[in-house]
Amino acid sequence: MNTFKPAPPKVYRWAILFCVSLAMFGNYYVYDSLWPIVDLLREDPGFSYAQIGMLSTAYNIAALLVLLVGGYAIDRFGTQKALLVFALICLGAAVLTVATSRYEVILAGRFLLGVGAEPLIVAATTVLAKWFKGKELSFAFGINLSISRLGSASADWSTSFASPLYTNWQDPLWLASAVAGISVTAAMLYWILEKRAQQQYQVGEVVSANDDKIDFKSLYKFPLAYWYIVALCVVFYATVFPFRSFAIDYFQQAHGITRETAGLLSSLLPVAAIILTPLFGLLVDRVGRRGLFMAAGAIVMLPLFVAVTYLPAGPDVYLWIPFIGSAMVPLTLFIVIFLLGAVFSLIPAVMWPSVAYLVDARRLGSAYALMTLCQQVGWAVVPLIIGRLNDVFDAGPTYPQGYAPGMWFYTLLAAIGVYFAFKLWHHDRDNARLASSPHTGA
Ligand SMILES: C[C@H](NC(=O)[C@@H](N)CCCCN)C(=O)O
């Protein structure tokens, strides 16, 4: 019997990409839905900044635990079941987070989110590898990340398009639960679509999740440059993600702007990333010099937290986000957040692909899994420190200077980032693996 099946038509690939990206959109939205209600959580249930920091950390602790078992569940159950189960866990987590005002229950909700969200990202990546390997894989990853960041931006924009919900802390999170429902629907659609495709066409092999397990015995074999990238990854995400967590509340309390305006301003970060990440990716693919680009990004980030704290606000400028809204925002805040958005585009666009130039292809999954694991550790610790600093220094609208120690802590992290970026750049000038460009063959 002839079992030959043709390759699926292109439209299937893009439909799969759309479904998986929609699932990621919901995932990023739910994660970021907590940050616009920080002030409400402090007012009504009366949580401290340290407690809010712990809500962020709970996600990372859960993520650390599930990342340790790597892609086992995806391997065992396949991407169709895995994506749906993880999306359902995210939905359950979103509902648990909003169900009661008890701190422990909210904490459990954020922990459960970590259990579902990070493996969902791994499952989504596995699906893309399955459908796009040997085709437009990098481009598909870029689109997927941009749509994910749109989820983050939408959570910030909800302060405008869903402003009536922000009279209490729970309604915005019910909206987030509904968005988590979109992820579940997208996962179901993906399942149906891929099942149909498998009946008629030859669909790519699942990239073995074993590749994503960390082989602790061979860690010492990774080159030094890889470890510099891991160090940069840790401090970079430990700075940017926690800053984003507290940003809307910080803009409201320290700079006296409304939640809507603060949401629009904070969304500049993911919006810049949506536009600039693929462009930086294209540029670096052309010219190489990855070490130099990462060092440049780290240098640009260094003064931003001090600038936002001490520079005069400057005149108000008009910020307009199509279909969402507009607001007048202080020029200094606008420039700082835009520059941070540019760095948030440049460093990830260069850093993640750089690993592929340094590590043997057979150990790439292991290298990425280890990098993500280290990322979670830094990202887990910093919100606790920032929350504690804000509490100890009495940060709030009556004492905005109380936010300064937190900003200095971000600056310290950024300085460590500059150190590792320069070590990487210098090291690579001798080895030149990151300097190469596929177009020049250099
Ligand atoms: C590509 C990178 N993704 C991650 O770092 C994920 N491990 C966690 C993302 C969670 C965001 N809510 C990125 O987003 O830059």
# chains A, B, ... in the order shown; residues from 1 in each chain; ligands from 1
call {"tool": "residues_near_ligand", "arguments": {"ligand": "ligand 1", "cutoff": "7 Å", "atoms": "only C-alpha atoms and all ligand atoms", "output": "compact mmCIF listing (two decimals) with N, CA and C atoms, in the first residue's frame"}}
result
# COMPACT_ATOMS: atom_id res chain seq x y z
N TYR A 28 0.54 35.72 27.52
CA TYR A 28 1.25 36.94 27.93
C TYR A 28 0.26 37.94 28.55
N TYR A 31 -0.41 36.92 32.18
CA TYR A 31 0.75 37.23 33.03
C TYR A 31 0.79 38.72 33.36
N ASP A 32 0.58 39.56 32.37
CA ASP A 32 0.74 41.00 32.57
C ASP A 32 -0.51 41.70 33.11
N GLU A 118 4.85 28.75 31.31
CA GLU A 118 6.18 28.54 30.73
C GLU A 118 6.23 27.28 29.86
N LEU A 145 6.57 35.90 18.56
CA LEU A 145 6.98 36.75 19.69
C LEU A 145 6.26 38.09 19.63
N PRO A 348 16.96 40.88 23.16
CA PRO A 348 16.40 39.54 22.88
C PRO A 348 16.58 39.10 21.42
N THR A 372 16.98 29.46 30.08
CA THR A 372 15.66 29.86 30.59
C THR A 372 15.56 29.60 32.09
call {"tool": "select_by_dssp", "arguments": {"residues": "region 2-173 of chain A", "states": "helix (DSSP H, G or I)", "output": "number ranges by chain"}}
result
A: 10-32, 35-43, 49-68, 72-99, 103-132, 137-161, 163-167, 170-173
call {"tool": "write_last_selection", "arguments": {"atoms": "C-alpha atoms", "output": "compact mmCIF listing (two decimals), in the first residue's frame"}}
result
# COMPACT_ATOMS: atom_id res chain seq x y z
CA LYS A 10 1.37 26.70 2.91
CA VAL A 11 -1.91 28.01 4.24
CA TYR A 12 -1.95 25.23 6.86
CA ARG A 13 1.42 26.39 8.23
CA TRP A 14 0.23 29.97 8.62
CA ALA A 15 -3.08 28.86 10.15
CA ILE A 16 -1.12 26.79 12.70
CA LEU A 17 1.16 29.78 13.39
CA PHE A 18 -1.93 31.95 13.92
CA CYS A 19 -3.51 29.49 16.42
CA VAL A 20 -0.30 29.00 18.39
CA SER A 21 0.39 32.74 18.48
CA LEU A 22 -3.17 33.40 19.70
CA ALA A 23 -2.56 30.93 22.53
CA MET A 24 0.63 32.86 23.36
CA PHE A 25 -1.25 36.17 23.17
CA GLY A 26 -3.58 34.97 25.94
CA ASN A 27 -0.64 33.61 27.93
CA TYR A 28 1.25 36.94 27.93
CA TYR A 29 -1.99 38.91 28.58
CA VAL A 30 -2.82 36.90 31.71
CA TYR A 31 0.75 37.23 33.03
CA ASP A 32 0.74 41.00 32.57
CA TRP A 35 0.46 45.02 36.88
CA PRO A 36 -2.21 47.65 36.11
CA ILE A 37 -3.99 46.79 39.40
CA VAL A 38 -0.99 47.08 41.75
CA ASP A 39 -2.36 50.31 43.27
CA LEU A 40 -5.81 48.71 43.76
CA LEU A 41 -4.27 45.67 45.45
CA ARG A 42 -2.40 47.97 47.81
CA GLU A 43 -5.55 49.98 48.59
CA TYR A 49 4.86 45.95 47.79
CA ALA A 50 6.77 42.94 49.16
CA GLN A 51 3.62 40.80 48.92
CA ILE A 52 3.04 41.98 45.35
CA GLY A 53 6.68 41.16 44.54
CA MET A 54 6.04 37.66 45.87
CA LEU A 55 3.08 37.30 43.45
CA SER A 56 5.61 37.77 40.65
CA THR A 57 8.13 35.39 42.24
CA ALA A 58 5.56 32.59 42.73
CA TYR A 59 5.24 32.36 38.93
CA ASN A 60 9.02 31.88 38.56
CA ILE A 61 9.30 29.28 41.32
CA ALA A 62 6.62 27.19 39.59
CA ALA A 63 8.29 27.76 36.22
CA LEU A 64 11.64 26.64 37.64
CA LEU A 65 10.09 23.40 38.89
CA VAL A 66 8.35 22.56 35.62
CA LEU A 67 11.33 23.58 33.47
CA LEU A 68 13.46 21.11 35.40
CA TYR A 72 8.70 15.53 29.22
CA ALA A 73 4.93 16.18 29.15
CA ILE A 74 5.13 17.48 25.59
CA ASP A 75 7.16 14.45 24.59
CA ARG A 76 4.83 12.03 26.38
CA PHE A 77 1.48 13.47 25.34
CA GLY A 78 2.30 15.29 22.11
CA THR A 79 1.93 18.97 21.32
CA GLN A 80 -1.83 18.83 20.68
CA LYS A 81 -2.74 17.60 24.17
CA ALA A 82 0.11 19.51 25.83
CA LEU A 83 -0.88 22.90 24.37
CA LEU A 84 -4.51 22.41 25.39
CA VAL A 85 -3.69 21.15 28.89
CA PHE A 86 -1.28 24.04 29.54
CA ALA A 87 -3.82 26.56 28.19
CA LEU A 88 -6.45 25.04 30.51
CA ILE A 89 -4.02 25.32 33.46
CA CYS A 90 -3.51 29.02 32.58
CA LEU A 91 -7.30 29.49 32.50
CA GLY A 92 -7.67 27.73 35.87
CA ALA A 93 -4.84 29.89 37.23
CA ALA A 94 -6.47 33.11 35.99
CA VAL A 95 -9.78 32.16 37.67
CA LEU A 96 -8.06 31.09 40.90
CA THR A 97 -6.17 34.41 41.05
CA VAL A 98 -9.40 36.41 40.98
CA ALA A 99 -11.71 34.06 42.91
CA TYR A 103 -3.59 36.54 49.61
CA GLU A 104 -2.68 32.84 49.76
CA VAL A 105 -5.25 32.01 47.07
CA ILE A 106 -4.02 34.79 44.77
CA LEU A 107 -0.48 33.52 45.35
CA ALA A 108 -1.58 29.98 44.47
CA GLY A 109 -3.19 31.37 41.30
CA ARG A 110 0.07 32.99 40.19
CA PHE A 111 2.00 29.83 41.07
CA LEU A 112 -0.39 27.77 38.95
CA LEU A 113 0.08 30.28 36.12
CA GLY A 114 3.81 29.52 36.18
CA VAL A 115 3.01 25.80 35.96
CA GLY A 116 0.98 26.34 32.78
CA ALA A 117 2.49 29.40 31.10
CA GLU A 118 6.18 28.54 30.73
CA PRO A 119 5.60 24.98 29.38
CA LEU A 120 2.97 26.48 27.07
CA ILE A 121 5.74 28.64 25.62
CA VAL A 122 7.92 25.51 25.19
CA ALA A 123 5.00 23.62 23.56
CA ALA A 124 4.32 26.55 21.20
CA THR A 125 8.00 26.66 20.21
CA THR A 126 7.94 22.90 19.58
CA VAL A 127 4.90 23.29 17.30
CA LEU A 128 6.64 26.02 15.31
CA ALA A 129 9.77 23.87 14.96
CA LYS A 130 7.58 20.97 13.77
CA TRP A 131 5.82 23.03 11.09
CA PHE A 132 8.50 25.51 10.02
CA LEU A 137 11.42 29.21 11.07
CA SER A 138 13.09 32.45 12.30
CA PHE A 139 10.40 34.58 10.71
CA ALA A 140 7.69 32.41 12.30
CA PHE A 141 9.40 32.79 15.71
CA GLY A 142 9.52 36.55 15.17
CA ILE A 143 5.80 36.76 14.33
CA ASN A 144 4.99 34.52 17.30
CA LEU A 145 6.98 36.75 19.69
CA SER A 146 5.41 39.92 18.26
CA ILE A 147 1.88 38.55 18.77
CA SER A 148 2.85 37.44 22.29
CA ARG A 149 4.06 40.97 23.06
CA LEU A 150 0.76 42.28 21.69
CA GLY A 151 -0.78 40.32 24.58
CA SER A 152 1.45 42.22 27.04
CA ALA A 153 0.61 45.55 25.37
CA SER A 154 -3.12 44.74 25.43
CA ALA A 155 -2.98 44.13 29.18
CA ASP A 156 -1.48 47.63 29.54
CA TRP A 157 -4.06 49.07 27.13
CA SER A 158 -6.91 47.52 29.12
CA THR A 159 -6.50 50.54 31.43
CA SER A 160 -7.95 52.54 28.49
CA PHE A 161 -10.30 50.27 26.55
CA SER A 163 -11.23 51.62 32.08
CA PRO A 164 -14.71 51.16 33.71
CA LEU A 165 -13.48 47.81 35.08
CA TYR A 166 -10.76 49.48 37.13
CA THR A 167 -13.04 50.48 40.00
CA GLN A 170 -11.14 41.88 40.46
CA ASP A 171 -12.97 42.99 37.31
CA PRO A 172 -9.76 43.49 35.23
CA LEU A 173 -8.72 39.97 36.26
call {"tool": "atom_distance", "arguments": {"atom1": "CA of Asp430 (chain A)", "atom2": "CA of Gly291 (chain A)"}}
result
11.4 Å
call {"tool": "atom_distance", "arguments": {"atom1": "CA of Leu193 (chain A)", "atom2": "CA of Pro8 (chain A)"}}
result
11.2 Å
call {"tool": "atom_distance", "arguments": {"atom1": "CA of Val343 (chain A)", "atom2": "CA of Tyr228 (chain A)"}}
result
17.8 Å
call {"tool": "residues_around", "arguments": {"residues": "Cys233 (chain A)", "least_positions_apart": "3", "cutoff": "9 Å", "atoms": "only C-alpha atoms", "output": "PyMOL selection string"}}
result
chain A and resi 228-230+236-238+347-348+351-352+371-372+374-375+417
call {"tool": "closest_residue", "arguments": {"among": "A:Val300, A:Glu194, A:Ile386, A:Ser101", "to": "Asn168 (chain A)", "atoms": "only C-alpha atoms"}}
result
A:Ser101
call {"tool": "residues_around", "arguments": {"residues": "Asp360 (chain A)", "least_positions_apart": "6", "cutoff": "12 Å", "atoms": "only C-alpha atoms", "output": "CSV table (one decimal) with N, CA and C atoms, in the first residue's frame"}}
result
chain,number,residue,atom,x,y,z
A,211,ASP,N,15.6,16.8,23.6
A,211,ASP,CA,16.6,17.8,23.3
A,211,ASP,C,16.6,18.9,24.3
A,218,SER,N,27.3,17.5,30.9
A,218,SER,CA,28.1,18.1,29.9
A,218,SER,C,28.0,19.6,29.9
A,221,LYS,N,31.0,21.7,29.0
A,221,LYS,CA,31.5,21.8,27.6
A,221,LYS,C,31.0,23.0,26.9
A,222,PHE,N,30.0,23.7,27.5
A,222,PHE,CA,29.6,24.9,26.8
A,222,PHE,C,30.7,26.0,26.8
A,223,PRO,N,30.8,26.7,25.7
A,223,PRO,CA,32.0,27.7,25.6
A,223,PRO,C,31.7,28.8,26.6
A,226,TYR,N,29.1,31.4,25.8
A,226,TYR,CA,27.7,31.0,26.1
A,226,TYR,C,27.4,31.5,27.6
A,354,SER,N,21.9,34.1,19.2
A,354,SER,CA,23.4,34.0,19.3
A,354,SER,C,23.8,32.7,19.8
A,366,SER,N,19.3,21.8,25.1
A,366,SER,CA,19.8,21.8,26.4
A,366,SER,C,20.3,23.2,26.8
A,367,ALA,N,21.0,23.9,25.9
A,367,ALA,CA,21.5,25.2,26.1
A,367,ALA,C,20.4,26.2,26.4
A,368,TYR,N,19.3,26.1,25.6
A,368,TYR,CA,18.2,27.1,25.8
A,368,TYR,C,17.5,26.8,27.1
call {"tool": "residues_around", "arguments": {"residues": "Leu311 (chain A)", "least_positions_apart": "6", "cutoff": "12 Å", "atoms": "only C-alpha atoms", "output": "MDAnalysis selection string"}}
result
chainID A and resid 255 303:305 330:333 335:336
call {"tool": "closest_residue", "arguments": {"among": "A:Ala272, A:Val287, A:Val203, A:Leu34", "to": "Ala176 (chain A)", "atoms": "only C-alpha atoms"}}
result
A:Leu34
call {"tool": "select_by_dssp", "arguments": {"residues": "region 278-395 of chain A", "states": "strand (DSSP E or B)", "output": "ChimeraX atom specification"}}
result
/A:316-321,325-330
call {"tool": "residues_around", "arguments": {"residues": "region 282-284 of chain A", "least_positions_apart": "6", "cutoff": "9 Å", "atoms": "only C-alpha atoms", "output": "number ranges by chain"}}
result
A: 290, 293, 349-350, 437
call {"tool": "closest_residue", "arguments": {"among": "A:Ile192, A:Ile248, A:Val234, A:Ala414", "to": "Leu268 (chain A)", "atoms": "only C-alpha atoms"}}
result
A:Ile248
